[in-house]
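Source file: my_file_35.tsv; contents: TSV, C-alpha atoms.
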chain	number	residue	atom	x	y	z
A	1	MET	CA	-117.91	-57.16	12.84
A	2	LYS	CA	-118.77	-54.48	10.31
A	3	LEU	CA	-116.07	-52.18	8.97
A	4	ALA	CA	-116.69	-49.18	6.71
A	5	ILE	CA	-113.79	-47.76	4.69
A	6	LEU	CA	-115.13	-44.28	4.00
A	7	ASP	CA	-112.60	-42.69	1.63
A	8	ALA	CA	-110.77	-45.66	0.16
A	9	HIS	CA	-109.71	-43.90	-3.04
A	10	ALA	CA	-107.26	-41.62	-1.22
A	11	ASP	CA	-105.04	-44.50	-0.11
A	12	ASN	CA	-105.92	-47.13	-2.67
A	13	PRO	CA	-107.40	-46.03	-6.01
A	14	GLY	CA	-107.45	-49.67	-7.12
A	15	ASP	CA	-103.82	-50.74	-7.45
A	16	LEU	CA	-103.69	-52.33	-3.96
A	17	SER	CA	-105.95	-54.77	-2.10
A	18	TRP	CA	-108.11	-54.59	1.00
A	19	LYS	CA	-108.52	-58.38	1.02
A	20	GLU	CA	-106.49	-58.96	4.20
A	21	PHE	CA	-108.99	-56.89	6.17
A	22	GLU	CA	-111.77	-59.31	5.21
A	23	LYS	CA	-110.27	-61.84	7.65
A	24	TYR	CA	-111.56	-59.73	10.52
A	25	ALA	CA	-114.65	-57.89	9.31
A	26	GLU	CA	-117.45	-57.56	6.82
A	27	ILE	CA	-116.26	-54.61	4.73
A	28	SER	CA	-118.26	-51.83	3.12
A	29	LEU	CA	-115.96	-49.96	0.75
A	30	TYR	CA	-116.63	-46.39	-0.35
A	31	GLU	CA	-114.33	-44.52	-2.71
A	32	ARG	CA	-115.37	-41.15	-1.29
A	33	THR	CA	-117.78	-40.06	1.42
A	34	ASN	CA	-119.33	-36.63	1.90
A	35	GLN	CA	-119.89	-35.37	5.43
A	36	ASN	CA	-123.64	-35.86	5.13
A	37	GLU	CA	-123.14	-39.50	4.11
A	38	ILE	CA	-121.01	-40.61	7.07
A	39	VAL	CA	-123.76	-41.53	9.50
A	40	GLU	CA	-125.76	-43.56	6.98
A	41	ARG	CA	-122.71	-45.50	5.83
A	42	ALA	CA	-121.23	-46.13	9.30
A	43	LYS	CA	-124.37	-46.43	11.45
A	44	ASP	CA	-124.07	-50.20	12.11
A	45	CYS	CA	-120.27	-50.38	12.14
A	46	GLU	CA	-118.00	-51.13	15.06
A	47	ALA	CA	-115.01	-49.83	13.08
A	48	ILE	CA	-114.32	-47.31	10.36
A	49	PHE	CA	-111.25	-46.31	8.35
A	50	ILE	CA	-110.89	-42.72	7.21
A	51	ASN	CA	-108.30	-40.44	5.64
A	52	LYS	CA	-109.70	-36.92	5.34
A	53	VAL	CA	-113.34	-37.55	6.35
A	54	GLN	CA	-114.05	-35.48	9.48
A	55	ILE	CA	-115.49	-37.23	12.52
A	56	THR	CA	-117.12	-34.70	14.85
A	57	GLU	CA	-118.89	-35.12	18.18
A	58	ASN	CA	-122.23	-34.65	16.45
A	59	ILE	CA	-121.44	-37.56	14.12
A	60	LEU	CA	-120.23	-39.75	16.99
A	61	GLN	CA	-123.52	-39.20	18.82
A	62	GLN	CA	-125.26	-40.89	15.89
A	63	LEU	CA	-122.89	-43.90	15.77
A	64	PRO	CA	-123.56	-45.81	19.01
A	65	GLU	CA	-121.96	-49.04	17.73
A	66	LEU	CA	-118.62	-47.42	16.86
A	67	LYS	CA	-115.63	-48.62	18.86
A	68	TYR	CA	-112.63	-48.00	16.58
A	69	ILE	CA	-111.48	-45.32	14.12
A	70	GLY	CA	-108.43	-46.06	12.01
A	71	VAL	CA	-106.99	-42.90	10.47
A	72	CYS	CA	-105.12	-43.95	7.33
A	73	ALA	CA	-102.68	-41.05	7.59
A	74	THR	CA	-100.21	-39.61	10.06
A	75	GLY	CA	-102.27	-36.49	10.85
A	76	TYR	CA	-105.41	-37.10	12.88
A	77	ASN	CA	-106.84	-33.60	13.32
A	78	VAL	CA	-109.93	-34.73	11.38
A	79	VAL	CA	-111.14	-36.61	14.47
A	80	ASP	CA	-112.54	-35.13	17.69
A	81	LEU	CA	-110.27	-37.09	20.03
A	82	ASN	CA	-111.90	-35.86	23.25
A	83	ALA	CA	-115.33	-36.93	22.06
A	84	CYS	CA	-113.90	-40.34	21.11
A	85	SER	CA	-112.24	-40.79	24.51
A	86	LYS	CA	-115.51	-39.98	26.30
A	87	ARG	CA	-117.13	-42.81	24.35
A	88	ASN	CA	-114.20	-45.23	24.75
A	89	ILE	CA	-113.59	-45.21	21.02
A	90	ILE	CA	-109.99	-46.08	20.11
A	91	VAL	CA	-108.36	-43.87	17.45
A	92	THR	CA	-105.13	-44.92	15.72
A	93	ASN	CA	-102.95	-43.35	13.04
A	94	ILE	CA	-100.16	-44.40	10.68
A	95	PRO	CA	-96.82	-42.94	11.80
A	96	SER	CA	-93.55	-42.88	9.88
A	97	TYR	CA	-94.76	-44.70	6.77
A	98	SER	CA	-93.80	-42.05	4.21
A	99	THR	CA	-90.34	-40.95	5.33
A	100	MET	CA	-88.49	-42.23	2.26
A	101	SER	CA	-91.02	-41.05	-0.31
A	102	VAL	CA	-91.38	-37.55	1.13
A	103	ALA	CA	-87.61	-37.07	1.38
A	104	GLN	CA	-87.35	-38.27	-2.23
A	105	HIS	CA	-90.00	-35.75	-3.28
A	106	VAL	CA	-88.16	-32.95	-1.49
A	107	PHE	CA	-85.13	-33.54	-3.68
A	108	SER	CA	-87.19	-33.89	-6.84
A	109	LEU	CA	-88.42	-30.35	-6.11
A	110	ILE	CA	-84.94	-29.07	-5.26
A	111	LEU	CA	-83.50	-30.57	-8.45
A	112	TYR	CA	-86.27	-28.92	-10.45
A	113	PHE	CA	-84.62	-25.59	-9.64
A	114	SER	CA	-80.98	-26.68	-9.82
A	115	ASN	CA	-81.14	-28.46	-13.19
A	116	HIS	CA	-84.35	-27.17	-14.83
A	117	VAL	CA	-84.93	-30.54	-16.49
A	118	ALA	CA	-88.59	-29.81	-17.31
A	119	LEU	CA	-87.77	-26.44	-18.89
A	120	HIS	CA	-85.01	-27.85	-21.07
A	121	ASN	CA	-86.98	-30.95	-22.04
A	122	ASP	CA	-89.79	-28.70	-23.29
A	123	SER	CA	-87.26	-26.57	-25.13
A	124	VAL	CA	-85.70	-29.54	-26.90
A	125	HIS	CA	-89.06	-30.98	-27.93
A	126	ASN	CA	-90.08	-27.56	-29.22
A	127	GLY	CA	-87.13	-27.73	-31.65
A	128	ASP	CA	-84.76	-25.29	-29.95
A	129	TRP	CA	-81.82	-27.72	-29.94
A	130	CYS	CA	-82.37	-28.61	-33.57
A	131	ASN	CA	-82.16	-24.92	-34.42
A	132	SER	CA	-79.23	-24.15	-32.13
A	133	LEU	CA	-75.92	-22.92	-33.55
A	134	ASP	CA	-74.11	-24.55	-30.62
A	135	PHE	CA	-74.01	-28.05	-29.17
A	136	VAL	CA	-75.13	-26.65	-25.80
A	137	TYR	CA	-77.40	-23.93	-24.45
A	138	TRP	CA	-79.31	-23.29	-21.25
A	139	LYS	CA	-82.53	-21.37	-20.70
A	140	LYS	CA	-81.86	-20.56	-17.05
A	141	PRO	CA	-78.70	-20.67	-14.91
A	142	LEU	CA	-77.89	-24.08	-13.46
A	143	PHE	CA	-76.22	-24.64	-10.10
A	144	GLU	CA	-74.56	-27.40	-8.08
A	145	LEU	CA	-76.03	-28.48	-4.76
A	146	ALA	CA	-72.56	-29.23	-3.39
A	147	GLY	CA	-71.49	-26.44	-1.06
A	148	LYS	CA	-74.98	-24.95	-0.76
A	149	THR	CA	-76.54	-24.56	2.70
A	150	LEU	CA	-79.63	-26.69	3.22
A	151	GLY	CA	-81.77	-25.46	6.10
A	152	ILE	CA	-84.19	-27.92	7.69
A	153	PHE	CA	-87.06	-26.71	9.86
A	154	GLY	CA	-88.15	-29.68	11.98
A	155	TYR	CA	-85.84	-32.63	12.51
A	156	GLY	CA	-88.03	-35.68	12.89
A	157	ASN	CA	-87.89	-38.79	10.71
A	158	ILE	CA	-88.36	-36.93	7.44
A	159	GLY	CA	-86.11	-34.00	8.35
A	160	SER	CA	-83.29	-36.33	9.31
A	161	LYS	CA	-83.66	-38.34	6.10
A	162	VAL	CA	-83.55	-35.12	4.07
A	163	ALA	CA	-80.35	-34.18	5.91
A	164	GLU	CA	-78.82	-37.56	5.04
A	165	ILE	CA	-79.57	-37.08	1.34
A	166	GLY	CA	-78.34	-33.49	1.46
A	167	LYS	CA	-75.02	-34.65	2.88
A	168	ALA	CA	-74.69	-37.13	0.03
A	169	PHE	CA	-74.97	-34.17	-2.37
A	170	GLY	CA	-72.21	-32.38	-0.47
A	171	MET	CA	-74.49	-29.77	1.08
A	172	LYS	CA	-73.90	-28.01	4.38
A	173	ILE	CA	-76.78	-28.86	6.73
A	174	ILE	CA	-78.24	-26.56	9.38
A	175	CYS	CA	-81.48	-27.08	11.26
A	176	ASN	CA	-83.95	-25.68	13.73
A	177	THR	CA	-86.26	-27.95	15.67
A	178	ARG	CA	-88.22	-28.05	18.93
A	179	THR	CA	-85.99	-30.62	20.60
A	180	LYS	CA	-82.25	-30.93	20.14
A	181	LYS	CA	-81.02	-34.48	19.53
A	182	GLU	CA	-77.69	-36.22	19.57
A	183	ASN	CA	-75.75	-36.42	16.33
A	184	MET	CA	-77.94	-33.82	14.61
A	185	PRO	CA	-76.54	-31.21	12.21
A	186	GLU	CA	-75.62	-27.70	13.29
A	187	PHE	CA	-78.50	-26.25	15.33
A	188	VAL	CA	-79.32	-22.60	14.67
A	189	SER	CA	-82.05	-20.17	15.70
A	190	PHE	CA	-85.02	-19.83	13.37
A	191	ASP	CA	-83.82	-16.39	12.28
A	192	GLU	CA	-80.39	-17.82	11.45
A	193	LEU	CA	-82.06	-20.62	9.52
A	194	LEU	CA	-83.89	-18.05	7.41
A	195	GLU	CA	-80.80	-15.90	6.88
A	196	LYS	CA	-78.27	-18.62	6.06
A	197	SER	CA	-80.24	-21.14	3.99
A	198	ASP	CA	-79.74	-21.33	0.25
A	199	ILE	CA	-82.53	-23.89	0.28
A	200	LEU	CA	-84.98	-24.09	3.20
A	201	THR	CA	-87.25	-27.12	3.58
A	202	LEU	CA	-90.10	-27.37	6.09
A	203	HIS	CA	-90.74	-30.53	8.13
A	204	ALA	CA	-92.20	-29.42	11.46
A	205	PRO	CA	-95.70	-30.25	12.72
A	206	LEU	CA	-98.43	-27.67	12.17
A	207	THR	CA	-99.19	-26.06	15.55
A	208	ASP	CA	-100.34	-22.69	16.83
A	209	LYS	CA	-96.67	-21.65	16.85
A	210	THR	CA	-95.89	-22.79	13.30
A	211	GLN	CA	-99.16	-21.68	11.67
A	212	ASN	CA	-98.34	-18.91	9.15
A	213	ILE	CA	-94.67	-18.98	10.17
A	214	ILE	CA	-93.68	-18.12	6.59
A	215	ASN	CA	-94.94	-14.58	6.15
A	216	LYS	CA	-93.70	-11.22	4.87
A	217	ASN	CA	-91.67	-10.71	8.05
A	218	THR	CA	-89.86	-14.04	7.91
A	219	LEU	CA	-89.53	-13.97	4.13
A	220	SER	CA	-87.75	-10.62	4.43
A	221	LYS	CA	-84.95	-12.37	6.32
A	222	MET	CA	-84.26	-14.86	3.52
A	223	LYS	CA	-81.79	-14.41	0.68
A	224	ASN	CA	-83.25	-13.18	-2.61
A	225	SER	CA	-81.55	-16.23	-4.14
A	226	ALA	CA	-83.12	-18.67	-1.67
A	227	ILE	CA	-85.50	-21.49	-2.55
A	228	LEU	CA	-88.25	-22.60	-0.17
A	229	ILE	CA	-89.58	-26.18	-0.16
A	230	ASN	CA	-92.80	-27.24	1.58
A	231	THR	CA	-93.91	-30.88	1.59
A	232	ALA	CA	-95.36	-30.66	5.10
A	233	ARG	CA	-98.40	-28.39	5.61
A	234	GLY	CA	-99.89	-25.57	3.58
A	235	GLY	CA	-100.78	-23.80	6.82
A	236	PHE	CA	-97.14	-22.86	7.40
A	237	VAL	CA	-97.38	-20.25	4.66
A	238	VAL	CA	-99.23	-16.96	4.29
A	239	GLU	CA	-99.75	-17.55	0.60
A	240	GLU	CA	-100.55	-13.92	-0.29
A	241	ASP	CA	-97.23	-12.78	1.20
A	242	LEU	CA	-95.26	-15.50	-0.57
A	243	ALA	CA	-96.93	-14.77	-3.90
A	244	ASP	CA	-95.92	-11.12	-3.55
A	245	TYR	CA	-92.29	-12.09	-2.87
A	246	LEU	CA	-92.21	-14.42	-5.87
A	247	LYS	CA	-93.73	-11.85	-8.22
A	248	ASN	CA	-91.24	-9.21	-7.12
A	249	GLY	CA	-88.19	-11.48	-7.29
A	250	LYS	CA	-87.53	-11.24	-3.57
A	251	ILE	CA	-87.21	-15.01	-3.35
A	252	ALA	CA	-85.86	-17.23	-6.13
A	253	GLY	CA	-88.37	-20.04	-5.95
A	254	TYR	CA	-91.03	-21.94	-4.03
A	255	ALA	CA	-91.91	-25.59	-4.47
A	256	ALA	CA	-94.71	-27.24	-2.54
A	257	ASP	CA	-96.75	-30.41	-2.39
A	258	VAL	CA	-99.33	-28.77	-0.12
A	259	VAL	CA	-101.47	-25.63	-0.03
A	260	SER	CA	-103.66	-24.06	2.64
A	261	VAL	CA	-106.93	-25.47	1.27
A	262	GLU	CA	-107.00	-28.77	-0.63
A	263	PRO	CA	-108.05	-29.42	-3.33
A	264	MET	CA	-106.50	-26.13	-4.41
A	265	LYS	CA	-108.93	-23.26	-4.99
A	266	LYS	CA	-108.92	-21.30	-8.24
A	267	ASP	CA	-108.31	-18.07	-6.33
A	268	ASN	CA	-105.20	-19.35	-4.52
A	269	PRO	CA	-102.59	-16.58	-5.00
A	270	LEU	CA	-99.86	-19.13	-5.77
A	271	LEU	CA	-101.64	-20.50	-8.83
A	272	ASN	CA	-99.64	-19.52	-11.94
A	273	CYS	CA	-97.21	-17.55	-9.79
A	274	PRO	CA	-93.68	-17.17	-11.29
A	275	ASN	CA	-90.96	-19.53	-10.06
A	276	CYS	CA	-93.57	-21.54	-8.17
A	277	VAL	CA	-93.75	-25.32	-8.56
A	278	LEU	CA	-96.79	-27.12	-7.14
A	279	THR	CA	-97.63	-30.82	-7.01
A	280	PRO	CA	-101.04	-32.16	-5.82
A	281	HIS	CA	-100.10	-33.66	-2.41
A	282	ILE	CA	-98.36	-36.69	-3.93
A	283	ALA	CA	-95.16	-36.92	-1.87
A	284	TRP	CA	-96.66	-39.81	0.11
A	285	ALA	CA	-98.24	-41.53	-2.91
A	286	PRO	CA	-95.74	-44.02	-4.40
A	287	LYS	CA	-97.26	-47.48	-4.53
A	288	GLU	CA	-94.70	-48.92	-2.12
A	289	THR	CA	-95.47	-46.17	0.39
A	290	ARG	CA	-99.21	-46.70	0.22
A	291	GLN	CA	-98.75	-50.46	0.60
A	292	ARG	CA	-96.74	-49.78	3.75
A	293	LEU	CA	-99.61	-47.60	4.97
A	294	LEU	CA	-102.14	-50.40	4.44
A	295	ASP	CA	-99.84	-52.89	6.15
A	296	ILE	CA	-99.63	-50.66	9.22
A	297	ALA	CA	-103.38	-50.01	9.12
A	298	LEU	CA	-103.95	-53.77	9.17
A	299	GLU	CA	-101.50	-54.22	12.03
A	300	ASN	CA	-103.29	-51.47	13.98
A	301	PHE	CA	-106.66	-53.12	13.33
A	302	GLU	CA	-105.43	-56.60	14.31
A	303	SER	CA	-103.87	-55.27	17.51
A	304	TRP	CA	-107.08	-53.50	18.51
A	305	ILE	CA	-109.13	-56.64	17.89
A	306	LYS	CA	-106.73	-58.59	20.12
A	307	GLY	CA	-107.12	-56.02	22.88
A	308	ASN	CA	-103.63	-54.47	22.60
A	309	PRO	CA	-104.04	-51.36	20.45
A	310	ILE	CA	-100.93	-49.80	18.95
A	311	ASN	CA	-100.40	-46.33	17.46
A	312	GLN	CA	-103.30	-45.06	19.55
A	313	VAL	CA	-103.53	-41.26	19.51
A	314	ASN	CA	-106.22	-40.69	22.17
A	315	LYS	CA	-106.34	-41.67	25.82
Structure translated into structure tokens:
Amino acid sequence: MKLAILDAHADNPGDLSWKEFEKYAEISLYERTNQNEIVERAKDCEAIFINKVQITENILQQLPELKYIGVCATGYNVVDLNACSKRNIIVTNIPSYSTMSVAQHVFSLILYFSNHVALHNDSVHNGDWCNSLDFVYWKKPLFELAGKTLGIFGYGNIGSKVAEIGKAFGMKIICNTRTKKENMPEFVSFDELLEKSDILTLHAPLTDKTQNIINKNTLSKMKNSAILINTARGGFVVEEDLADYLKNGKIAGYAADVVSVEPMKKDNPLLNCPNCVLTPHIAWAPKETRQRLLDIALENFESWIKGNPINQVNK
């Protein structure tokens, strides 16, 4: 069997190994693949692994040997599932592999605003402490998380882990989610979530209903002192509206690991915006997390080969 790994660099830039996959297939490994290179690289393959490479019906028409697509991510909107089902091509994804790392990243972003470690580190290394008349100074106000209200939009695996960490900090937890569950924190309407949250973090799936849900109307319902965290999807946010609120001090801060178009474009309104912290989609990227992803990808592949596919996302 021939297997093409079309954008290997995204999951494994070289610090992990694909060797276990060689037990089942002859592997062709590509660090990155442009859309116009897919057919040539996958034309004789029964299986491919992708991350962000888009598999359309037009591409599938040119890959008659293809029987399996392993998406090495949780989201699978890059694949035309209906076209795959018509051709009896199995598509699998990697669910719930990054819960711990994303929740960890959420609090690294929250703590950026509460403690301003980066700001004060730069200040010290610039000589400000050496020149200080006092043993202590602070460049921006600091605040405790204990007693603050943490609002969580979406209460799946990541949202619930964020709630657990928030409780450990002594925060009050409120949430809004599609489906109420047992033993979940206080459930509130979305408007209440906006109005009451000192810190609001987004963890829902991106759907027609959640697309652009953070806009000038919803932002107007938040406290001026509120901080918004987004490690989920850039499409939640109307970035022009948010940039306006940040520039005018109508919201205290925004921290995100995602933007609407990635890689980020130079004309993105959030670039160099005040009180805006951006990381390049790395919440899922710790080595342990990516190893877990490869382990699940291998398990998916093995199960498909044995005729009992798991984590299948198409019918």
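We find CA of Glu240 (chain A) and CA of Gly159 (chain A) to be spaced 26.2 Å apart.
Counting all atoms listed in the file and comparing A:Ala168, A:Asn183, A:Pro280, A:Ser160, the residue that lies closest to Leu202 (chain A) is A:Ser160.
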Which of A:Lys23, A:Ala252, A:Asp241, A:Leu109 sits closest to Pro269 (chain A) [using all atoms listed in the file]: A:Asp241
Which residue of A:Leu16, A:Leu278, A:Asp7, A:Thr74 approaches Arg41 (chain A) most closely, using all atoms listed in the file: A:Asp7
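Restricting the calculation to only C-alpha atoms, the smallest distance between His116 (chain A) and any of A:Gln54, A:Asn314, A:Ser260, A:Asn275 is found for A:Asn275.
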Shell around region 307-313 of chain A at 12 Å using only C-alpha atoms, local window under 6 positions removed, as a VMD selection string: chain A and resid 67 to 77 79 to 82 84 to 85 89 to 96 296 to 301
Once you have the residues from the selection above, write them out as an mmCIF file, keeping the file's coordinate frame, restricted to C-alpha atoms.
data_model
loop_
_atom_site.group_PDB
_atom_site.id
_atom_site.type_symbol
_atom_site.label_atom_id
_atom_site.label_comp_id
_atom_site.auth_asym_id
_atom_site.auth_seq_id
_atom_site.Cartn_x
_atom_site.Cartn_y
_atom_site.Cartn_z
ATOM 1 C CA LYS A 67 -115.630 -48.620 18.860
ATOM 2 C CA TYR A 68 -112.630 -48.000 16.580
ATOM 3 C CA ILE A 69 -111.480 -45.320 14.120
ATOM 4 C CA GLY A 70 -108.430 -46.060 12.010
ATOM 5 C CA VAL A 71 -106.990 -42.900 10.470
ATOM 6 C CA CYS A 72 -105.120 -43.950 7.330
ATOM 7 C CA ALA A 73 -102.680 -41.050 7.590
ATOM 8 C CA THR A 74 -100.210 -39.610 10.060
ATOM 9 C CA GLY A 75 -102.270 -36.490 10.850
ATOM 10 C CA TYR A 76 -105.410 -37.100 12.880
ATOM 11 C CA ASN A 77 -106.840 -33.600 13.320
ATOM 12 C CA VAL A 79 -111.140 -36.610 14.470
ATOM 13 C CA ASP A 80 -112.540 -35.130 17.690
ATOM 14 C CA LEU A 81 -110.270 -37.090 20.030
ATOM 15 C CA ASN A 82 -111.900 -35.860 23.250
ATOM 16 C CA CYS A 84 -113.900 -40.340 21.110
ATOM 17 C CA SER A 85 -112.240 -40.790 24.510
ATOM 18 C CA ILE A 89 -113.590 -45.210 21.020
ATOM 19 C CA ILE A 90 -109.990 -46.080 20.110
ATOM 20 C CA VAL A 91 -108.360 -43.870 17.450
ATOM 21 C CA THR A 92 -105.130 -44.920 15.720
ATOM 22 C CA ASN A 93 -102.950 -43.350 13.040
ATOM 23 C CA ILE A 94 -100.160 -44.400 10.680
ATOM 24 C CA PRO A 95 -96.820 -42.940 11.800
ATOM 25 C CA SER A 96 -93.550 -42.880 9.880
ATOM 26 C CA ILE A 296 -99.630 -50.660 9.220
ATOM 27 C CA ALA A 297 -103.380 -50.010 9.120
ATOM 28 C CA LEU A 298 -103.950 -53.770 9.170
ATOM 29 C CA GLU A 299 -101.500 -54.220 12.030
ATOM 30 C CA ASN A 300 -103.290 -51.470 13.980
ATOM 31 C CA PHE A 301 -106.660 -53.120 13.330
#
Interatomic distance, CA of Phe107 (chain A) to CA of Ile165 (chain A) (Å, one decimal): 8.3 Å
Who sits within 10 Å of Val162 (chain A), all atoms listed in the file, same chain under 5 positions skipped, as number ranges by chain: A: 99-100, 102-107, 150, 152, 155-157, 167-168, 173, 201, 203
Best match for closeness to Gln211 (chain A) among A:Val124, A:Ala232, A:Val237, A:Ala4, counting all atoms listed in the file: A:Val237
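Between Ile282 (chain A) and the residues A:Leu145, A:Ile174, A:Val258, A:Ile227, the shortest atom-to-atom distance, using all atoms listed in the file, involves A:Val258.
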Cut-off 12 Å around (-111.7, -47.8, 0.5) with only C-alpha atoms: residues as a count of residues only: 32
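Taking CA of Lys266 (chain A) and CA of Gly253 (chain A) as endpoints, the distance between them is 20.7 Å.
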Report the centre and edge lengths, in Å to one decimal, of an axis-aligned box enclosing every atom of region 294-299 of chain A listed in the file, padded by 4 Å on each side, as lines of an AutoDock Vina configuration file.
center_x = -101.8
center_y = -52.1
center_z = 8.2
size_x = 12.3
size_y = 12.2
size_z = 15.6
Phe113 (chain A) environment, 12 Å, all atoms listed in the file, sequence neighbours closer than 5 positions dropped, as a ChimeraX atom specification: /A:106-108,118-120,140-145,198-199,225-229,252-255,275-277
All heavy atoms of region 184-191 of chain A from block above, as a short mmCIF file (atom, residue, chain, number, x, y, z; two decimals), in the first residue's frame:
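selection-v9.cif was written with the following content:
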data_model
loop_
_atom_site.label_atom_id
_atom_site.label_comp_id
_atom_site.auth_asym_id
_atom_site.auth_seq_id
_atom_site.Cartn_x
_atom_site.Cartn_y
_atom_site.Cartn_z
N MET A 184 -22.20 20.65 35.44
CA MET A 184 -21.52 21.75 34.78
C MET A 184 -21.68 23.02 35.63
O MET A 184 -22.56 23.10 36.49
CB MET A 184 -22.05 21.96 33.37
CG MET A 184 -23.49 22.44 33.27
SD MET A 184 -24.07 22.50 31.54
CE MET A 184 -22.89 23.62 30.83
N PRO A 185 -20.85 24.02 35.41
CA PRO A 185 -20.97 25.26 36.17
C PRO A 185 -22.29 25.97 35.86
O PRO A 185 -23.10 25.50 35.05
CB PRO A 185 -19.78 26.09 35.67
CG PRO A 185 -18.86 25.12 35.02
CD PRO A 185 -19.71 24.02 34.49
N GLU A 186 -22.48 27.10 36.49
CA GLU A 186 -23.72 27.87 36.30
C GLU A 186 -23.94 28.17 34.81
O GLU A 186 -23.08 28.73 34.14
CB GLU A 186 -23.63 29.18 37.09
CG GLU A 186 -24.86 30.05 36.94
CD GLU A 186 -24.71 31.39 37.62
OE1 GLU A 186 -23.70 31.59 38.34
OE2 GLU A 186 -25.59 32.26 37.42
N PHE A 187 -25.10 27.76 34.31
CA PHE A 187 -25.45 28.01 32.91
C PHE A 187 -26.16 29.35 32.81
O PHE A 187 -27.08 29.65 33.58
CB PHE A 187 -26.36 26.90 32.39
CG PHE A 187 -26.77 27.08 30.95
CD1 PHE A 187 -25.99 26.56 29.93
CD2 PHE A 187 -27.92 27.77 30.62
CE1 PHE A 187 -26.35 26.73 28.60
CE2 PHE A 187 -28.30 27.95 29.30
CZ PHE A 187 -27.52 27.43 28.28
N VAL A 188 -25.73 30.17 31.86
CA VAL A 188 -26.35 31.48 31.66
C VAL A 188 -26.62 31.67 30.17
O VAL A 188 -26.07 30.96 29.32
CB VAL A 188 -25.45 32.63 32.17
CG1 VAL A 188 -25.22 32.51 33.67
CG2 VAL A 188 -24.11 32.65 31.43
N SER A 189 -27.47 32.63 29.84
CA SER A 189 -27.70 32.97 28.44
C SER A 189 -26.43 33.58 27.86
O SER A 189 -25.53 34.02 28.60
CB SER A 189 -28.85 33.95 28.30
OG SER A 189 -28.48 35.22 28.83
N PHE A 190 -26.35 33.64 26.54
CA PHE A 190 -25.16 34.22 25.92
C PHE A 190 -25.02 35.70 26.29
O PHE A 190 -23.90 36.17 26.56
CB PHE A 190 -25.21 34.05 24.41
CG PHE A 190 -23.96 34.53 23.71
CD1 PHE A 190 -22.74 33.93 23.97
CD2 PHE A 190 -24.01 35.59 22.81
CE1 PHE A 190 -21.57 34.37 23.34
CE2 PHE A 190 -22.86 36.03 22.18
CZ PHE A 190 -21.64 35.42 22.44
N ASP A 191 -26.13 36.41 26.34
CA ASP A 191 -26.07 37.82 26.74
C ASP A 191 -25.54 37.97 28.17
O ASP A 191 -24.73 38.86 28.45
CB ASP A 191 -27.45 38.47 26.63
CG ASP A 191 -27.80 38.87 25.20
OD1 ASP A 191 -26.90 38.77 24.33
OD2 ASP A 191 -28.94 39.28 24.95
#
